[in-house]
file entry13.cif (mmCIF, C-alpha atoms)
data_input
loop_
_atom_site.label_atom_id
_atom_site.label_comp_id
_atom_site.auth_asym_id
_atom_site.auth_seq_id
_atom_site.Cartn_x
_atom_site.Cartn_y
_atom_site.Cartn_z
CA MET A 1 -100.43 -255.85 -4.48
CA ILE A 2 -98.45 -258.73 -3.00
CA GLY A 3 -97.21 -258.28 0.56
CA GLY A 4 -95.88 -260.40 3.37
CA PRO A 5 -92.74 -261.19 5.34
CA THR A 6 -89.26 -261.73 3.98
CA ALA A 7 -88.50 -265.23 2.62
CA SER A 8 -92.19 -265.93 1.92
CA GLY A 9 -91.75 -266.19 -1.86
CA LYS A 10 -93.22 -262.80 -2.85
CA SER A 11 -90.70 -262.08 -5.59
CA ALA A 12 -91.18 -265.45 -7.29
CA LEU A 13 -94.96 -265.11 -7.10
CA ALA A 14 -94.87 -261.59 -8.53
CA ALA A 15 -92.70 -262.71 -11.46
CA ASP A 16 -95.05 -265.62 -12.19
CA VAL A 17 -98.08 -263.32 -12.02
CA ALA A 18 -96.39 -260.86 -14.38
CA GLU A 19 -95.55 -263.62 -16.84
CA ARG A 20 -99.06 -265.10 -16.72
CA PHE A 21 -101.11 -261.87 -16.87
CA GLY A 22 -98.86 -259.56 -18.88
CA GLY A 23 -97.67 -257.49 -15.97
CA VAL A 24 -94.79 -255.36 -14.73
CA VAL A 25 -93.36 -255.88 -11.24
CA VAL A 26 -92.94 -252.70 -9.17
CA ASN A 27 -90.79 -252.83 -6.04
CA ALA A 28 -92.45 -251.93 -2.72
CA ASP A 29 -89.52 -252.81 -0.45
CA SER A 30 -87.77 -249.84 1.14
CA MET A 31 -84.32 -251.47 1.11
CA GLN A 32 -84.48 -252.84 -2.44
CA LEU A 33 -84.76 -249.28 -3.74
CA TYR A 34 -81.01 -248.92 -3.07
CA ARG A 35 -78.42 -250.17 -5.53
CA ASP A 36 -75.69 -250.93 -2.96
CA LEU A 37 -76.91 -254.23 -1.47
CA PRO A 38 -78.69 -256.41 -4.05
CA ILE A 39 -77.68 -259.57 -2.16
CA LEU A 40 -78.35 -258.50 1.42
CA THR A 41 -81.67 -256.86 0.51
CA SER A 42 -82.74 -259.90 -1.54
CA TRP A 43 -83.42 -258.44 -4.95
CA PRO A 44 -85.22 -260.83 -7.30
CA ASP A 45 -82.52 -262.94 -8.94
CA GLU A 46 -81.48 -262.55 -12.58
CA GLU A 47 -83.78 -265.34 -13.74
CA LEU A 48 -86.84 -263.67 -12.19
CA ARG A 49 -85.90 -260.24 -13.51
CA ALA A 50 -85.45 -261.73 -16.99
CA SER A 51 -88.89 -263.36 -16.91
CA ALA A 52 -90.79 -260.05 -16.64
CA PRO A 53 -90.10 -256.30 -16.50
CA HIS A 54 -89.11 -255.08 -13.01
CA ARG A 55 -89.19 -251.45 -11.86
CA LEU A 56 -87.81 -249.42 -8.90
CA TYR A 57 -85.03 -251.82 -7.98
CA GLY A 58 -81.70 -250.11 -7.29
CA VAL A 59 -82.89 -246.65 -8.29
CA LEU A 60 -81.36 -244.81 -5.30
CA ASP A 61 -77.87 -244.43 -3.91
CA GLY A 62 -77.19 -245.63 -0.38
CA ALA A 63 -76.37 -242.07 0.72
CA GLU A 64 -80.00 -241.03 0.09
CA ARG A 65 -83.03 -241.22 2.33
CA CYS A 66 -86.38 -242.32 0.92
CA SER A 67 -89.69 -241.50 2.56
CA ALA A 68 -92.99 -243.24 1.96
CA GLY A 69 -94.11 -240.11 0.13
CA ARG A 70 -91.16 -240.22 -2.26
CA TRP A 71 -91.70 -243.91 -2.96
CA ARG A 72 -95.43 -243.29 -3.48
CA SER A 73 -94.72 -240.65 -6.10
CA MET A 74 -92.35 -242.97 -7.95
CA ALA A 75 -94.77 -245.89 -7.72
CA MET A 76 -97.75 -243.86 -8.93
CA ALA A 77 -95.72 -242.73 -11.94
CA GLU A 78 -94.88 -246.36 -12.71
CA ILE A 79 -98.51 -247.44 -12.30
CA GLU A 80 -99.67 -244.72 -14.71
CA SER A 81 -97.01 -245.70 -17.26
CA ILE A 82 -97.77 -249.42 -16.99
CA HIS A 83 -101.52 -248.86 -17.36
CA GLY A 84 -100.81 -246.61 -20.32
CA ASN A 85 -99.06 -249.53 -22.02
CA GLY A 86 -102.02 -251.82 -21.37
CA ALA A 87 -100.18 -253.93 -18.79
CA LEU A 88 -100.90 -254.95 -15.18
CA PRO A 89 -98.93 -253.21 -12.41
CA ILE A 90 -97.88 -255.72 -9.74
CA LEU A 91 -96.60 -254.06 -6.59
CA VAL A 92 -94.63 -256.40 -4.37
CA GLY A 93 -92.67 -255.95 -1.17
CA GLY A 94 -92.43 -256.38 2.55
CA THR A 95 -92.66 -252.69 3.45
CA GLY A 96 -96.32 -252.75 4.30
CA PHE A 97 -96.38 -249.07 5.20
CA TYR A 98 -95.50 -248.23 1.60
CA LEU A 99 -98.36 -250.33 0.27
CA ARG A 100 -100.82 -248.81 2.72
CA ALA A 101 -99.54 -245.31 1.92
CA LEU A 102 -100.32 -245.90 -1.74
CA LEU A 103 -103.83 -247.14 -1.00
CA ASP A 104 -104.81 -244.82 1.85
CA GLY A 105 -102.73 -241.75 1.10
CA LEU A 106 -100.36 -240.01 3.47
CA ALA A 107 -100.83 -238.01 6.64
CA PRO A 108 -100.01 -234.29 6.21
CA VAL A 109 -97.22 -234.32 8.81
CA PRO A 110 -95.13 -231.13 8.57
CA ALA A 111 -91.46 -231.45 7.68
CA ILE A 112 -89.46 -232.39 10.76
CA PRO A 113 -86.62 -229.93 11.52
CA GLU A 114 -83.20 -231.51 11.04
CA ALA A 115 -82.23 -230.53 14.59
CA VAL A 116 -85.08 -232.66 15.96
CA ARG A 117 -84.20 -235.59 13.70
CA GLU A 118 -80.58 -235.40 14.80
CA ALA A 119 -81.56 -235.26 18.47
CA VAL A 120 -83.76 -238.33 18.07
CA ARG A 121 -80.97 -240.21 16.28
CA THR A 122 -78.62 -239.33 19.13
CA LEU A 123 -81.12 -240.64 21.68
CA TYR A 124 -81.49 -243.84 19.66
CA GLU A 125 -77.73 -244.37 19.49
CA ARG A 126 -77.41 -243.80 23.25
CA GLU A 127 -80.46 -245.69 24.51
CA GLY A 128 -81.36 -248.09 21.71
CA SER A 129 -84.79 -248.76 20.29
CA VAL A 130 -86.15 -250.14 23.57
CA GLY A 131 -85.07 -247.05 25.50
CA LEU A 132 -86.50 -244.73 22.87
CA HIS A 133 -89.73 -246.74 22.87
CA ALA A 134 -90.01 -246.16 26.64
CA ARG A 135 -89.57 -242.42 26.07
CA LEU A 136 -92.23 -242.51 23.36
CA SER A 137 -94.61 -244.31 25.70
CA ALA A 138 -94.30 -241.46 28.20
CA LEU A 139 -95.19 -238.89 25.52
CA ASP A 140 -97.55 -240.83 23.27
CA ARG A 141 -98.81 -244.01 24.85
CA LYS A 142 -101.23 -244.93 22.07
CA ALA A 143 -98.59 -244.71 19.37
CA ALA A 144 -96.13 -246.69 21.50
CA GLN A 145 -98.69 -249.43 22.06
CA ARG A 146 -98.97 -249.94 18.30
CA LEU A 147 -95.22 -250.32 17.78
CA GLU A 148 -92.86 -253.12 18.69
CA PRO A 149 -89.94 -251.79 20.79
CA GLY A 150 -87.51 -253.29 18.28
CA ASP A 151 -89.07 -251.51 15.29
CA SER A 152 -86.49 -248.73 15.46
CA GLN A 153 -87.42 -246.80 12.30
CA ARG A 154 -91.07 -246.40 13.22
CA VAL A 155 -90.31 -245.72 16.89
CA MET A 156 -87.94 -242.93 15.83
CA ARG A 157 -90.52 -241.55 13.42
CA ALA A 158 -93.31 -241.48 16.02
CA TYR A 159 -91.00 -239.86 18.58
CA GLU A 160 -89.72 -237.14 16.25
CA VAL A 161 -93.25 -236.28 15.12
CA ILE A 162 -94.60 -235.69 18.60
CA GLU A 163 -91.42 -233.85 19.60
CA ALA A 164 -91.58 -231.54 16.59
CA THR A 165 -95.34 -230.99 16.31
CA GLY A 166 -96.76 -231.66 19.75
CA ARG A 167 -99.25 -234.04 18.14
CA SER A 168 -99.29 -237.81 17.97
CA LEU A 169 -98.46 -239.42 14.65
CA LEU A 170 -101.79 -241.25 15.02
CA SER A 171 -103.58 -237.91 15.12
CA TRP A 172 -101.90 -236.78 11.92
CA GLN A 173 -102.72 -240.10 10.25
CA GLU A 174 -106.41 -239.47 10.78
CA GLU A 175 -106.08 -236.66 8.22
CA ARG A 176 -104.80 -238.85 5.37
CA HIS A 177 -105.39 -237.53 1.86
CA ASP A 178 -104.77 -238.59 -1.75
CA ARG A 179 -106.32 -242.02 -1.35
CA TYR A 180 -105.89 -244.32 -4.34
CA THR A 181 -109.08 -244.20 -6.40
CA GLY A 182 -108.38 -247.10 -8.75
CA ARG A 183 -109.12 -250.77 -8.20
CA ALA A 184 -106.58 -252.78 -6.25
CA ALA A 185 -106.45 -256.48 -5.41
CA VAL A 186 -104.37 -257.24 -2.31
CA LEU A 187 -102.80 -260.60 -1.48
CA VAL A 188 -100.79 -261.18 1.70
CA LEU A 189 -98.63 -264.24 2.26
CA GLU A 190 -98.84 -265.60 5.82
CA PRO A 191 -96.60 -268.69 6.16
CA PRO A 192 -96.60 -270.73 9.38
CA ARG A 193 -93.86 -269.58 11.75
CA ASP A 194 -91.73 -272.75 11.59
CA SER A 195 -91.73 -272.78 7.80
CA LEU A 196 -90.98 -269.06 7.61
CA TYR A 197 -88.15 -269.13 10.15
CA GLY A 198 -86.51 -272.06 8.39
CA ALA A 199 -86.66 -270.14 5.12
CA CYS A 200 -85.16 -267.08 6.83
CA ASN A 201 -82.19 -269.12 8.04
CA GLU A 202 -81.66 -270.65 4.61
CA ARG A 203 -81.91 -267.25 2.92
CA PHE A 204 -79.16 -265.70 5.04
CA GLU A 205 -76.89 -268.68 4.46
CA ARG A 206 -77.46 -268.39 0.68
CA MET A 207 -76.60 -264.71 0.88
CA MET A 208 -73.32 -265.53 2.54
CA ALA A 209 -72.56 -268.15 -0.10
CA VAL A 210 -73.00 -265.71 -3.00
CA GLY A 211 -71.05 -262.74 -1.68
CA ALA A 212 -72.92 -260.94 1.12
CA LEU A 213 -69.72 -260.35 3.10
CA ASP A 214 -67.97 -258.73 0.12
CA GLU A 215 -71.05 -256.59 -0.40
CA ALA A 216 -70.94 -255.45 3.23
CA ALA A 217 -67.21 -254.68 2.87
CA ARG A 218 -67.88 -252.42 -0.11
CA LEU A 219 -70.59 -250.64 1.88
CA GLN A 220 -68.19 -250.21 4.81
CA GLY A 221 -65.65 -248.70 2.44
CA ARG A 222 -68.06 -245.92 1.53
CA GLY A 223 -68.01 -244.54 5.09
CA LEU A 224 -71.70 -243.66 5.04
CA ASP A 225 -73.58 -242.13 7.97
CA PRO A 226 -74.64 -245.07 10.16
CA GLY A 227 -78.02 -243.38 10.63
CA LEU A 228 -78.95 -243.80 6.96
CA PRO A 229 -81.76 -246.27 6.24
CA LEU A 230 -79.59 -248.61 4.17
CA MET A 231 -77.12 -249.01 7.04
CA LYS A 232 -79.97 -250.58 9.03
CA ALA A 233 -80.75 -253.25 6.43
CA VAL A 234 -81.20 -256.68 8.00
CA GLY A 235 -77.87 -258.40 8.64
CA VAL A 236 -75.69 -255.40 7.79
CA ARG A 237 -74.80 -254.48 11.36
CA ALA A 238 -73.63 -258.01 12.21
CA LEU A 239 -71.43 -258.27 9.12
CA LEU A 240 -69.94 -254.80 9.64
CA ASP A 241 -69.12 -255.75 13.23
CA HIS A 242 -67.28 -258.81 11.95
CA LEU A 243 -65.37 -256.77 9.37
CA SER A 244 -64.39 -254.35 12.15
CA GLY A 245 -63.10 -257.20 14.32
CA VAL A 246 -65.85 -256.91 16.91
CA THR A 247 -67.23 -260.43 16.40
CA THR A 248 -66.40 -263.69 14.68
CA LEU A 249 -67.83 -264.61 11.30
CA GLU A 250 -69.71 -267.52 12.86
CA ARG A 251 -71.30 -265.18 15.40
CA ALA A 252 -72.11 -262.62 12.70
CA ILE A 253 -73.93 -265.26 10.65
CA ALA A 254 -75.91 -266.38 13.70
CA LEU A 255 -76.88 -262.77 14.43
CA GLY A 256 -77.81 -262.20 10.79
CA ARG A 257 -80.08 -265.23 10.80
CA GLN A 258 -81.66 -264.07 14.06
CA ALA A 259 -82.21 -260.55 12.72
CA THR A 260 -83.89 -261.97 9.61
CA ARG A 261 -86.28 -264.07 11.71
CA ARG A 262 -87.14 -261.14 13.95
CA TYR A 263 -87.77 -258.92 10.95
CA ALA A 264 -90.07 -261.53 9.42
CA LYS A 265 -91.99 -261.72 12.69
CA ARG A 266 -92.48 -257.93 12.77
CA GLN A 267 -93.63 -257.93 9.16
CA THR A 268 -96.12 -260.72 9.78
CA THR A 269 -97.56 -258.86 12.75
CA TRP A 270 -97.76 -255.61 10.78
CA PHE A 271 -99.64 -257.11 7.85
CA ARG A 272 -102.01 -258.91 10.18
CA THR A 273 -102.88 -255.83 12.25
CA GLN A 274 -102.39 -252.93 9.83
CA MET A 275 -103.67 -254.49 6.58
CA PRO A 276 -106.33 -256.93 7.76
CA GLY A 277 -108.26 -256.77 4.47
CA GLY A 278 -107.37 -258.58 1.29
CA ALA A 279 -106.90 -262.23 0.43
CA ARG A 280 -104.52 -264.40 2.43
CA MET A 281 -102.20 -267.18 1.30
CA PRO A 282 -101.46 -269.31 4.40
CA ASP A 283 -98.06 -270.59 3.26
CA ARG A 284 -94.89 -269.65 1.43
CA TYR A 285 -95.11 -269.49 -2.36
CA ARG A 286 -93.40 -272.43 -4.04
CA PRO A 287 -93.25 -273.65 -7.66
CA GLU A 288 -95.53 -276.55 -6.84
CA SER A 289 -98.28 -274.13 -5.71
CA LYS A 290 -98.04 -271.99 -8.86
CA ARG A 291 -101.19 -273.26 -10.56
CA GLU A 292 -103.38 -272.87 -7.49
CA SER A 293 -101.92 -269.45 -6.65
CA LEU A 294 -102.40 -268.05 -10.15
CA ALA A 295 -105.98 -269.33 -10.19
CA LEU A 296 -106.62 -267.44 -6.94
CA ILE A 297 -105.16 -264.27 -8.40
CA GLU A 298 -107.16 -264.63 -11.59
CA ARG A 299 -110.37 -264.77 -9.52
CA MET A 300 -109.26 -261.68 -7.60
CA LEU A 301 -108.58 -259.75 -10.80
CA LEU A 302 -111.88 -260.76 -12.37
CA THR A 303 -114.03 -260.03 -9.36
CA GLY A 304 -112.15 -257.09 -7.85
CA THR A 305 -111.94 -258.87 -4.50
CA GLY A 306 -109.02 -258.72 -2.13
#
call {"tool": "encode", "arguments": {"input": "entry13.cif", "output": "structure tokens"}}
result
Amino acid sequence: MIGGPTASGKSALAADVAERFGGVVVNADSMQLYRDLPILTSWPDEELRASAPHRLYGVLDGAERCSAGRWRSMAMAEIESIHGNGALPILVGGTGFYLRALLDGLAPVPAIPEAVREAVRTLYEREGSVGLHARLSALDRKAAQRLEPGDSQRVMRAYEVIEATGRSLLSWQEERHDRYTGRAAVLVLEPPRDSLYGACNERFERMMAVGALDEAARLQGRGLDPGLPLMKAVGVRALLDHLSGVTTLERAIALGRQATRRYAKRQTTWFRTQMPGGARMPDRYRPESKRESLALIERMLLTGTG
């Protein structure tokens, strides 16, 4: 498993690991599951995808919703198939909750009634993530303390669970089941903030240069429900606002860069607090660090550490 924030070099590292150790890369990024936004969700480029087999990229339509449980089922099927072919499964992505769900199993939270989900979405649209976080704090202080106010998806999830079940999401999570029983080596990339933020800015600018705005225009043309997960992909809102005449392109790019940095910060915090185990790489992955990085991974695979 390779985790870490956006723009830390996870995709390049995963492809190099797959090439070196005879592996198959399996996507563990919630946005890269969708086929609509390969640029804005930073799929591995064609060169990386050609260097090794890649799975679970672009397998869902943007009109669908994907839960951690659905992804886990797909990922477990891929892992079984890859092992059956004598290869190494390499799970890579910035959705840490997916990786942890695969390792630790999932909490048996009952299905949330659609009426509750819709009510929570309405509250979010009216009050924003910060307002909804304040409401969550009044109902479930412990869950709220573990979530950043800007982490809208998880704030909405925690709020709808306690509204629908009367129990904290944390309480349900204590009843996790279906833990992964195989061996897993975990590596988390933790670049310094200045290096990471610079890479985030550069990434968004590269996206714009290779067609991100056209991609956003095609998504806008589909008229999808704005509450769908894909519509909340980093940078999408800013570009859609520009296409709707709400803001200038220059302002949209600045907001996109800012959103990418903030997302990277949330991811870094999540991996540090929610997946404290495993090996750490204290920098972004670059071609010049390939030899040292692959040596580290080889030790992890041989010893079962991480």
call {"tool": "residues_around", "arguments": {"input": "entry13.cif", "residues": "Glu205 (chain A)", "least_positions_apart": "5", "cutoff": "9 Å", "atoms": "only C-alpha atoms", "output": "count of residues only"}}
result
4
call {"tool": "closest_atom_pairs", "arguments": {"input": "entry13.cif", "of": "region 147-237 of chain A", "to": "region 280-283 of chain A", "cutoff": "10 Å", "atoms": "only C-alpha atoms", "output": "tab-separated table"}}
result
residue	atom	partner	partner_atom	distance
A:Val186	CA	A:Arg280	CA	8.6
A:Leu187	CA	A:Arg280	CA	5.7
A:Val188	CA	A:Arg280	CA	5.0
A:Leu189	CA	A:Met281	CA	4.7
A:Glu190	CA	A:Pro282	CA	4.8
A:Pro191	CA	A:Asp283	CA	3.8
A:Pro192	CA	A:Asp283	CA	6.3
A:Arg193	CA	A:Asp283	CA	9.5
A:Ser195	CA	A:Asp283	CA	8.1
A:Leu196	CA	A:Asp283	CA	8.4
call {"tool": "closest_residue", "arguments": {"input": "entry13.cif", "among": "A:Gly62, A:Gly93, A:Gly150, A:Gly105", "to": "Arg218 (chain A)", "atoms": "all atoms listed in the file"}}
result
A:Gly62
call {"tool": "residues_around", "arguments": {"input": "entry13.cif", "residues": "Leu139 (chain A)", "least_positions_apart": "3", "cutoff": "12 Å", "atoms": "all atoms listed in the file", "output": "ChimeraX atom specification"}}
result
/A:132-136,142-145,158-163,166-169
call {"tool": "axis_aligned_box", "arguments": {"input": "entry13.cif", "around": "region 62-71 of chain A", "padding_each_side": "3 Å", "output": "lines of an AutoDock Vina configuration file"}}
result
center_x = -85.2
center_y = -242.9
center_z = -0.2
size_x = 23.7
size_y = 11.5
size_z = 11.5
call {"tool": "closest_residue", "arguments": {"input": "entry13.cif", "among": "A:Ile79, A:Met31, A:Ser11, A:Pro38", "to": "Gly211 (chain A)", "atoms": "all atoms listed in the file"}}
result
A:Pro38
call {"tool": "atom_distance", "arguments": {"input": "entry13.cif", "atom1": "CA of Arg299 (chain A)", "atom2": "CA of Phe21 (chain A)"}}
result
12.2 Å
call {"tool": "resolve_selection", "arguments": {"input": "entry13.cif", "expression": "the PyMOL selection byres ((chain A and resi 96) around 9)", "output": "PyMOL selection string"}}
result
chain A and resi 3-4+28-29+93-95+97-101+267+270-271+274-275
call {"tool": "atom_distance", "arguments": {"input": "entry13.cif", "atom1": "CA of Leu40 (chain A)", "atom2": "CA of Leu224 (chain A)"}}
result
16.7 Å
call {"tool": "atom_distance", "arguments": {"input": "entry13.cif", "atom1": "CA of Thr165 (chain A)", "atom2": "CA of Met76 (chain A)"}}
result
28.4 Å
call {"tool": "resolve_selection", "arguments": {"input": "entry13.cif", "expression": "the PyMOL selection byres ((chain A and resi 55) around 7)", "output": "MDAnalysis selection string"}}
result
chainID A and resid 25:27 53:54 56:57
call {"tool": "residues_around", "arguments": {"input": "entry13.cif", "residues": "Ile112 (chain A)", "least_positions_apart": "3", "cutoff": "7 Å", "atoms": "only C-alpha atoms", "output": "PyMOL selection string"}}
result
chain A and resi 116-117+161+164
call {"tool": "closest_residue", "arguments": {"input": "entry13.cif", "among": "A:Met74, A:Ala63, A:Ala87, A:Ala119", "to": "Leu228 (chain A)", "atoms": "all atoms listed in the file"}}
result
A:Ala63
call {"tool": "closest_residue", "arguments": {"input": "entry13.cif", "among": "A:Leu301, A:Ile82, A:Leu103, A:Leu91", "to": "Tyr180 (chain A)", "atoms": "only C-alpha atoms"}}
result
A:Leu103
call {"tool": "closest_residue", "arguments": {"input": "entry13.cif", "among": "A:Leu294, A:Leu37, A:His177, A:Met156", "to": "Thr122 (chain A)", "atoms": "all atoms listed in the file"}}
result
A:Met156
call {"tool": "closest_residue", "arguments": {"input": "entry13.cif", "among": "A:Arg176, A:Arg261, A:Lys232, A:Arg266", "to": "Leu102 (chain A)", "atoms": "all atoms listed in the file"}}
result
A:Arg176
call {"tool": "residues_around", "arguments": {"input": "entry13.cif", "residues": "Leu230 (chain A)", "least_positions_apart": "6", "cutoff": "10 Å", "atoms": "only C-alpha atoms", "output": "JSON, numbers by chain"}}
result
{"A": [30, 31, 32, 33, 34, 35, 36, 37, 41, 61, 62, 63, 64, 65, 66, 219, 224, 236]}
